[in-house]
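Notes follow once the structure below has been shown.
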Amino acid sequence: METIIRLAAALGIFFIMICWEYFSPRRKQKIYRKQRWPVNLGLAAINIIIMRLTIGGVAYLSAVNAAENSWGLLNWLAVPEWLAIIVTLLFLDFAIYCQHIVSHKWLTLWHLHQVHHTDLEFDATTAVRFHPLEIIISMLYKALCIYLIGGNPWAVIVFEIILNGAATFNHSNINIPPAIDKKLRWLIITPDMHRIHHSTFPKETDSNYGFSISCWDRLCKTYMAEPRQLQTVMPIGLRPFRRQDELGFMQLLLLPFKALRHR
Ligand SMILES: [Zn+2]
């Protein structure tokens with residue numbers, strides 16, 4: 001049931017975003033969708049299958065298990081449910097922000113995470129362009145965090161839906177008027193804010209790590225307001241990977257192992 005709710009919410013938000021991108025795009029894309037989308041959606045499909053066959057749902061099950069055994073901070077303290085929900089949501093969001101920074105700084109994890117960053121355009125399908133090993137590692141890390149905090153099971157489901165929806169939203173190639181974008185940014189990560197993280201300039205890539213709320217970047221001084229070039233023309237991707245024909249489905253699956261061999 002929990003999986004169906006998550007999948008339905010993810011598909012619904014994805015559908016809204018690709019319609020919005022179609023009717024009101026932020027940038028004119030140079031690479032055809034038919035070149036990129038099969039790769040990105042192919043990775044999404046393989047990730048869904050692998051998760052279904054292995055540790056899918058482990059986050060929720062960890063929260064239920066922690067609650068049954070009174071493991072984790074919130075269960076020890078027996079805090080009221082409303083407080084447990086708020087703390088779980090904030091703690092998990094900060095934990096994912098920290099994981100994202102480590103994925104950029106620790107070379108082994110970067111080999112996996114760079115698959116996400118090699119996309120030469122930036123749209124809703126970029127949000128699902130992840131190497132399966134990174135997805136598995138993320139899920140195990142999330143489960144560990146849930147055990148540590150004693151995460152509320154309902155909050156964990158809500159968190160998964162918010163994280164997924166926020167990632168689809170902030171990777172979208174949608175046009176939001178600058179004045180509204182500026183206001184939204186005080187609370188959430190907008191596409192203009194997260195696009196900077198997908199810039200080819202390393203200083204810009206090393207900024208705006210958040211996925212849902214923008215406060216972690218502001219508090220931890222990783223926030224960047226604008227890229228050095230205009231949002232509509234700034235180059236997206238990574239400098240060593242500029243050719244779409246070298247970024248096929250199998251090439252991306254093998255990319256981390258190739259990078260390890262060349263170290
Ligand atoms: Zn990143």
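Going through the structure tokens in order, the chains are called A, B, and so on, while each chain numbers its residues from 1 and the ligands are numbered from 1 in the order shown.
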
Compile the contact shell of stretch 10-12 of chain A as a JSON list (two decimals) with N, CA, C and O atoms, in the first residue's frame: residues with an atom at most 9 Å away, counting only C-alpha atoms, same-chain residues fewer than 4 positions apart removed.
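To be explicit, this is the file written out as result14.json:
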[["chain", "number", "residue", "atom", "x", "y", "z"],
["A", 5, "ILE", "N", 1.01, 4.29, -2.87],
["A", 5, "ILE", "CA", 0.80, 5.72, -2.59],
["A", 5, "ILE", "C", 1.99, 6.53, -3.12],
["A", 5, "ILE", "O", 1.83, 7.54, -3.80],
["A", 6, "ARG", "N", 3.20, 6.04, -2.82],
["A", 6, "ARG", "CA", 4.40, 6.76, -3.24],
["A", 6, "ARG", "C", 4.50, 6.84, -4.77],
["A", 6, "ARG", "O", 4.78, 7.88, -5.34],
["A", 16, "ILE", "N", 2.44, 16.31, -14.20],
["A", 16, "ILE", "CA", 2.16, 17.75, -14.14],
["A", 16, "ILE", "C", 3.38, 18.55, -14.62],
["A", 16, "ILE", "O", 3.27, 19.50, -15.40],
["A", 17, "MET", "N", 4.57, 18.12, -14.17],
["A", 17, "MET", "CA", 5.79, 18.86, -14.51],
["A", 17, "MET", "C", 6.12, 18.77, -16.00],
["A", 17, "MET", "O", 6.52, 19.77, -16.61],
["A", 161, "ILE", "N", 7.43, 11.02, -0.10],
["A", 161, "ILE", "CA", 6.59, 11.66, -1.13],
["A", 161, "ILE", "C", 7.09, 13.09, -1.39],
["A", 161, "ILE", "O", 7.24, 13.51, -2.55],
["A", 164, "ASN", "N", 10.56, 13.08, -3.24],
["A", 164, "ASN", "CA", 10.38, 12.72, -4.63],
["A", 164, "ASN", "C", 9.73, 13.86, -5.43],
["A", 164, "ASN", "O", 10.20, 14.23, -6.52],
["A", 165, "GLY", "N", 8.67, 14.42, -4.88],
["A", 165, "GLY", "CA", 7.95, 15.51, -5.55],
["A", 165, "GLY", "C", 8.83, 16.75, -5.67],
["A", 165, "GLY", "O", 8.86, 17.40, -6.72],
["A", 168, "THR", "N", 11.46, 16.25, -8.41],
["A", 168, "THR", "CA", 10.86, 16.38, -9.75],
["A", 168, "THR", "C", 10.61, 17.85, -10.06],
["A", 168, "THR", "O", 10.93, 18.33, -11.15]]

Where does chain A meet ligand 1 within 8 Å, residue by residue, with the nearest atom pair and distance in Å to one decimal for each, counting only C-alpha atoms and all ligand atoms, listed by chain and rising number, as a tab-separated table?
residue	atom	partner	partner_atom_place_in_ligand_line	distance
A:His100	CA	ligand 1	1 (Zn)	6.1
A:Ile101	CA	ligand 1	1 (Zn)	7.5
A:Ser103	CA	ligand 1	1 (Zn)	7.2
A:His104	CA	ligand 1	1 (Zn)	6.4
A:His113	CA	ligand 1	1 (Zn)	6.6
A:Gln114	CA	ligand 1	1 (Zn)	7.4
A:His116	CA	ligand 1	1 (Zn)	7.2
A:His117	CA	ligand 1	1 (Zn)	6.5
A:His197	CA	ligand 1	1 (Zn)	6.6
A:His198	CA	ligand 1	1 (Zn)	7.2
A:Thr205	CA	ligand 1	1 (Zn)	7.1
A:Asp206	CA	ligand 1	1 (Zn)	8.0
A:Tyr209	CA	ligand 1	1 (Zn)	6.5

With C-alpha atoms retained, write the just-selected residues as an mmCIF file, in the first residue's frame.
data_model
loop_
_atom_site.group_PDB
_atom_site.id
_atom_site.type_symbol
_atom_site.label_atom_id
_atom_site.label_comp_id
_atom_site.auth_asym_id
_atom_site.auth_seq_id
_atom_site.Cartn_x
_atom_site.Cartn_y
_atom_site.Cartn_z
ATOM 1 C CA HIS A 100 24.431 15.059 -1.061
ATOM 2 C CA ILE A 101 27.489 17.077 0.034
ATOM 3 C CA SER A 103 28.436 12.455 -2.530
ATOM 4 C CA HIS A 104 30.300 15.361 -4.102
ATOM 5 C CA HIS A 113 26.603 10.552 -8.218
ATOM 6 C CA GLN A 114 28.226 11.985 -11.368
ATOM 7 C CA HIS A 116 23.114 12.246 -12.295
ATOM 8 C CA HIS A 117 25.237 15.277 -13.195
ATOM 9 C CA HIS A 197 23.984 22.974 -8.869
ATOM 10 C CA HIS A 198 23.967 21.358 -12.356
ATOM 11 C CA THR A 205 28.194 22.658 -8.807
ATOM 12 C CA ASP A 206 29.477 22.914 -5.219
ATOM 13 C CA TYR A 209 22.779 20.930 -2.352
#

Nearest candidate to A:Phe94 (options A:His131, A:Arg52, A:Lys142, A:Arg239; using only C-alpha atoms): A:Lys142

Within 12 Å of stretch 213-232 of chain A, which residues of stretch 17-56 of chain A come that close, and what is the closest atom pair and distance in Å for each? Count only C-alpha atoms and give it as a Markdown table.
| residue | atom | partner | partner_atom | distance |
| --- | --- | --- | --- | --- |
| A:Pro25 | CA | A:Thr232 | CA | 10.1 |
| A:Arg26 | CA | A:Thr232 | CA | 6.8 |
| A:Arg27 | CA | A:Thr232 | CA | 5.1 |
| A:Lys28 | CA | A:Thr232 | CA | 7.6 |
| A:Gln29 | CA | A:Thr232 | CA | 9.7 |
| A:Lys30 | CA | A:Thr232 | CA | 11.6 |

Can you tell me which residues surround stretch 145-156 of chain A at a distance of at most 8 Å, considering only C-alpha atoms, apart from same-chain residues fewer than 4 positions away, and format the answer as a compact mmCIF listing (two decimals) with N, CA, C and O atoms, in the first residue's frame?
# COMPACT_ATOMS: atom_id res chain seq x y z
N ALA A 59 12.70 2.01 4.23
CA ALA A 59 12.63 3.21 5.08
C ALA A 59 11.42 3.11 6.02
O ALA A 59 11.56 3.25 7.25
N TYR A 60 10.26 2.83 5.45
CA TYR A 60 9.04 2.72 6.26
C TYR A 60 9.15 1.56 7.25
O TYR A 60 8.83 1.71 8.44
N LEU A 61 9.65 0.41 6.77
CA LEU A 61 9.77 -0.76 7.65
C LEU A 61 10.75 -0.50 8.79
O LEU A 61 10.55 -0.98 9.90
N SER A 62 11.79 0.29 8.53
CA SER A 62 12.75 0.64 9.59
C SER A 62 12.05 1.47 10.67
O SER A 62 12.28 1.27 11.87
N ALA A 63 11.19 2.41 10.22
CA ALA A 63 10.48 3.26 11.18
C ALA A 63 9.52 2.42 12.04
O ALA A 63 9.44 2.61 13.26
N VAL A 64 8.82 1.48 11.40
CA VAL A 64 7.88 0.62 12.14
C VAL A 64 8.66 -0.25 13.13
O VAL A 64 8.29 -0.37 14.31
N ALA A 66 11.66 0.31 14.40
CA ALA A 66 12.23 1.15 15.47
C ALA A 66 11.15 1.49 16.52
O ALA A 66 11.42 1.46 17.73
N ALA A 67 9.93 1.77 16.04
CA ALA A 67 8.83 2.11 16.97
C ALA A 67 8.46 0.90 17.83
O ALA A 67 8.26 1.04 19.05
N SER A 70 11.15 0.46 20.40
CA SER A 70 11.55 1.71 21.09
C SER A 70 13.01 2.06 20.84
O SER A 70 13.74 2.43 21.76
N TRP A 71 13.42 1.92 19.58
CA TRP A 71 14.79 2.33 19.21
C TRP A 71 14.77 3.75 18.66
O TRP A 71 13.78 4.19 18.08
N GLY A 72 15.88 4.45 18.84
CA GLY A 72 16.02 5.80 18.27
C GLY A 72 15.55 6.87 19.22
O GLY A 72 14.67 6.64 20.06
N LEU A 73 16.14 8.06 19.07
CA LEU A 73 15.94 9.18 19.99
C LEU A 73 14.47 9.50 20.28
O LEU A 73 14.07 9.59 21.45
N LEU A 74 13.66 9.64 19.23
CA LEU A 74 12.27 10.06 19.44
C LEU A 74 11.46 9.00 20.18
O LEU A 74 10.56 9.32 20.96
N ASN A 75 11.78 7.73 19.94
CA ASN A 75 11.07 6.65 20.66
C ASN A 75 11.51 6.56 22.11
O ASN A 75 10.71 6.28 22.99
N TRP A 76 12.81 6.81 22.37
CA TRP A 76 13.29 6.82 23.76
C TRP A 76 12.62 7.92 24.55
O TRP A 76 12.20 7.74 25.67
N GLU A 81 3.18 12.73 19.16
CA GLU A 81 3.28 12.36 17.74
C GLU A 81 3.52 13.55 16.82
O GLU A 81 4.32 13.47 15.89
N ALA A 84 7.08 14.42 16.90
CA ALA A 84 7.87 13.36 16.25
C ALA A 84 7.81 13.50 14.73
O ALA A 84 8.82 13.30 14.04
N ILE A 85 6.63 13.87 14.21
CA ILE A 85 6.47 14.03 12.76
C ILE A 85 7.33 15.20 12.24
O ILE A 85 8.08 15.05 11.29
N ILE A 86 7.26 16.33 12.95
CA ILE A 86 8.04 17.51 12.51
C ILE A 86 9.54 17.23 12.58
O ILE A 86 10.29 17.50 11.63
N THR A 88 11.09 14.34 12.58
CA THR A 88 11.48 13.33 11.59
C THR A 88 11.65 13.98 10.21
O THR A 88 12.66 13.75 9.53
N LEU A 89 10.69 14.81 9.82
CA LEU A 89 10.76 15.46 8.50
C LEU A 89 12.00 16.34 8.38
O LEU A 89 12.73 16.25 7.39
N PHE A 91 14.78 16.32 10.30
CA PHE A 91 16.03 15.57 10.46
C PHE A 91 16.38 14.82 9.17
O PHE A 91 17.52 14.85 8.71
N LEU A 92 15.39 14.17 8.57
CA LEU A 92 15.66 13.41 7.34
C LEU A 92 16.07 14.34 6.20
O LEU A 92 16.95 14.02 5.41
N ALA A 95 19.56 15.30 6.78
CA ALA A 95 20.43 14.13 6.55
C ALA A 95 20.68 13.93 5.05
O ALA A 95 21.79 13.61 4.63
N TYR A 141 21.27 4.32 3.84
CA TYR A 141 21.64 5.48 4.68
C TYR A 141 20.39 6.06 5.34
O TYR A 141 20.38 6.38 6.54
N GLU A 160 9.17 10.69 2.07
CA GLU A 160 9.51 10.07 0.77
C GLU A 160 8.71 10.74 -0.36
O GLU A 160 9.26 10.99 -1.43
